[in-house]
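Let me begin by presenting the structure, written as structure tokens, before commenting on it.
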Amino acid sequence: MLKNSSRNANMELLRIISMIMVTTLHALAKSDLLPTFVFHVSINGWIAWVFEALSIGAVNIFMLISGYFLVNSEFKLKRLIELLVQTFLYSAIPFIVFLATGRLTAEERNIYSLLNNFLPIHMETYWFITAYVVVYMLSPVITKGLKAVTKKQLITAIICLLIYECFIKSILPFRLTTDTKGYGFLWYLIMFLIGAYFKLFGFKFIDKQYKGWILYFGGSVLVLLGTFTIGKIIAATDRLGGMQGLFTEYNHVFTLIAAVGIFAAFVHMKPMNEKLGKVICLLSPMALGVYLFQESLVLRFEWQKWFGLPGSLELATPIFVLRVMAAVLGMYALGTAIDFVRRMIFKLVYMPFDNRKKQVEK
């Protein structure tokens, strides 16, 4: 733990990495760069799927980090309000810009569109943020409960929830009515509990960094093999078409294994250099802004075009790989820069209130 910060720099580095992974997922899927294994897949297609498999645990990682940090943190109304305002701005401002510049179609200029852009939490414009907000509002109750139960009671609850939400869906060849594919509050809560368990008790079976890396790469390989296999089954039998994306869903057991693995690897990683840790801790709070920017309704299928990703599967392999990497890192850097400006503006707004608070305390 850094002396100048209550944050764990390794976890903050993982937060940054996981957001780069999220950006990779959005770059690939929303540029149509993930060909189905029902048909022949080119080398570039395979590379894209490797990137996808290595990145698919990213959302779960964010959830795990939330539980890891919040279990020993106090609920702060200021933080909740800031998150709500931040989400609103990232949703509303791009929409207003597109509206003012005439870039919205007639179908996009309606009441439903307005609701999605101006009430992003309630409309699940960003499903992840909606789930996080609910968990955060409940965090005082959840953390109190976590500290009141025994280790055995907590692990029993986690296992039962995983059986209900993860294990059963992962082995059945059909869809369950209750399966939300990990998009929602319940799956976020389960990941939160696992992250909190890590913080409170740790996991004996992954008590070394190398064990975490084995789980991460093993889970990623299983995601890739499972996706390939289901594609070939569909091609051979013309059945199970609705199960094609099963292995890349957030609440699939293989995705869970990959996420828990890399999370454990970073938990057990040696403390980094203090100067580097300071830089990481300065950059990591802007990771959420990267997500909010790239997933704004008017931008989520637009920014990939800025980097020439659509149709890039036909490029020479080295160029394709470089283009994907440049797009991901470029979008992450752009989102970070924008959120840095946003944070500076927020600080200017807070300044009079902070000064008044200091004067009252004196």
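Numbering starts fresh at 1 for the residues of each chain in the structure tokens, the chains themselves are lettered A, B, ... in the order given, and ligands are numbered from 1 as they appear.
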
If you run DSSP over the backbone, which residues in stretch 203-265 of chain A end up alpha helix (DSSP H)? Put them as a VMD selection string. chain A and resid 209 to 237 253 to 265

Could the residues of stretch 58-92 of chain A that have an atom at most 12 Å from stretch 131-137 of chain A be listed as JSON lines, each with its closest atom pair and the distance in Å to one decimal, counting only C-alpha atoms and ordered by chain and ascending residue number?
```
{"residue": "A:Val59", "atom": "CA", "partner": "A:Tyr132", "partner_atom": "CA", "distance": 11.5}
{"residue": "A:Asn60", "atom": "CA", "partner": "A:Tyr132", "partner_atom": "CA", "distance": 12.0}
{"residue": "A:Phe62", "atom": "CA", "partner": "A:Tyr132", "partner_atom": "CA", "distance": 10.0}
{"residue": "A:Met63", "atom": "CA", "partner": "A:Tyr132", "partner_atom": "CA", "distance": 8.2}
{"residue": "A:Leu64", "atom": "CA", "partner": "A:Tyr132", "partner_atom": "CA", "distance": 11.5}
{"residue": "A:Ile65", "atom": "CA", "partner": "A:Tyr132", "partner_atom": "CA", "distance": 11.7}
{"residue": "A:Ser66", "atom": "CA", "partner": "A:Tyr132", "partner_atom": "CA", "distance": 8.6}
{"residue": "A:Gly67", "atom": "CA", "partner": "A:Val135", "partner_atom": "CA", "distance": 9.6}
{"residue": "A:Phe69", "atom": "CA", "partner": "A:Tyr136", "partner_atom": "CA", "distance": 11.6}
{"residue": "A:Leu70", "atom": "CA", "partner": "A:Tyr136", "partner_atom": "CA", "distance": 8.4}
{"residue": "A:Val71", "atom": "CA", "partner": "A:Tyr136", "partner_atom": "CA", "distance": 10.6}
{"residue": "A:Ser73", "atom": "CA", "partner": "A:Tyr136", "partner_atom": "CA", "distance": 10.7}
{"residue": "A:Glu74", "atom": "CA", "partner": "A:Tyr136", "partner_atom": "CA", "distance": 10.2}
{"residue": "A:Phe75", "atom": "CA", "partner": "A:Tyr136", "partner_atom": "CA", "distance": 7.5}
{"residue": "A:Lys76", "atom": "CA", "partner": "A:Tyr136", "partner_atom": "CA", "distance": 9.3}
{"residue": "A:Leu77", "atom": "CA", "partner": "A:Met137", "partner_atom": "CA", "distance": 8.9}
{"residue": "A:Lys78", "atom": "CA", "partner": "A:Met137", "partner_atom": "CA", "distance": 11.9}
{"residue": "A:Arg79", "atom": "CA", "partner": "A:Tyr136", "partner_atom": "CA", "distance": 9.7}
{"residue": "A:Leu80", "atom": "CA", "partner": "A:Val133", "partner_atom": "CA", "distance": 7.4}
{"residue": "A:Ile81", "atom": "CA", "partner": "A:Val133", "partner_atom": "CA", "distance": 10.0}
{"residue": "A:Glu82", "atom": "CA", "partner": "A:Val133", "partner_atom": "CA", "distance": 11.3}
{"residue": "A:Leu83", "atom": "CA", "partner": "A:Val133", "partner_atom": "CA", "distance": 8.3}
{"residue": "A:Leu84", "atom": "CA", "partner": "A:Val133", "partner_atom": "CA", "distance": 8.3}
{"residue": "A:Thr87", "atom": "CA", "partner": "A:Val133", "partner_atom": "CA", "distance": 10.6}
```

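Taking atom CA of A:Phe293 and atom CA of A:Val22 as endpoints, the distance between them is 12.4 Å.
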
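The two atoms in question, atom CA of A:Ile234 and atom CA of A:Ile56, are spaced 22.1 Å apart.
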
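Near A:Pro35, within 9 Å and counting only C-alpha atoms, sit His40, Val41, Ser42, Gly45, Trp46, Ala48 and Trp49 of chain A, not including residues fewer than 5 positions from it in the same chain.
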
Could you write out the selected residues, including C-alpha atoms, as a CSV table (one decimal), in the first residue's frame?
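Output contents, as saved in again.csv:
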```csv
chain,number,residue,atom,x,y,z
A,40,HIS,CA,-14.4,-20.2,-42.1
A,41,VAL,CA,-12.5,-17.7,-40.0
A,42,SER,CA,-9.4,-15.9,-41.3
A,45,GLY,CA,-10.6,-13.1,-37.4
A,46,TRP,CA,-8.8,-15.5,-35.0
A,48,ALA,CA,-9.6,-10.6,-33.1
A,49,TRP,CA,-11.2,-13.5,-31.1
```

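Among the candidates A:Phe95, A:Thr336, A:Val149, A:Gln86, the residue lying nearest to A:Leu299 is A:Phe95 (atoms considered: only C-alpha atoms).
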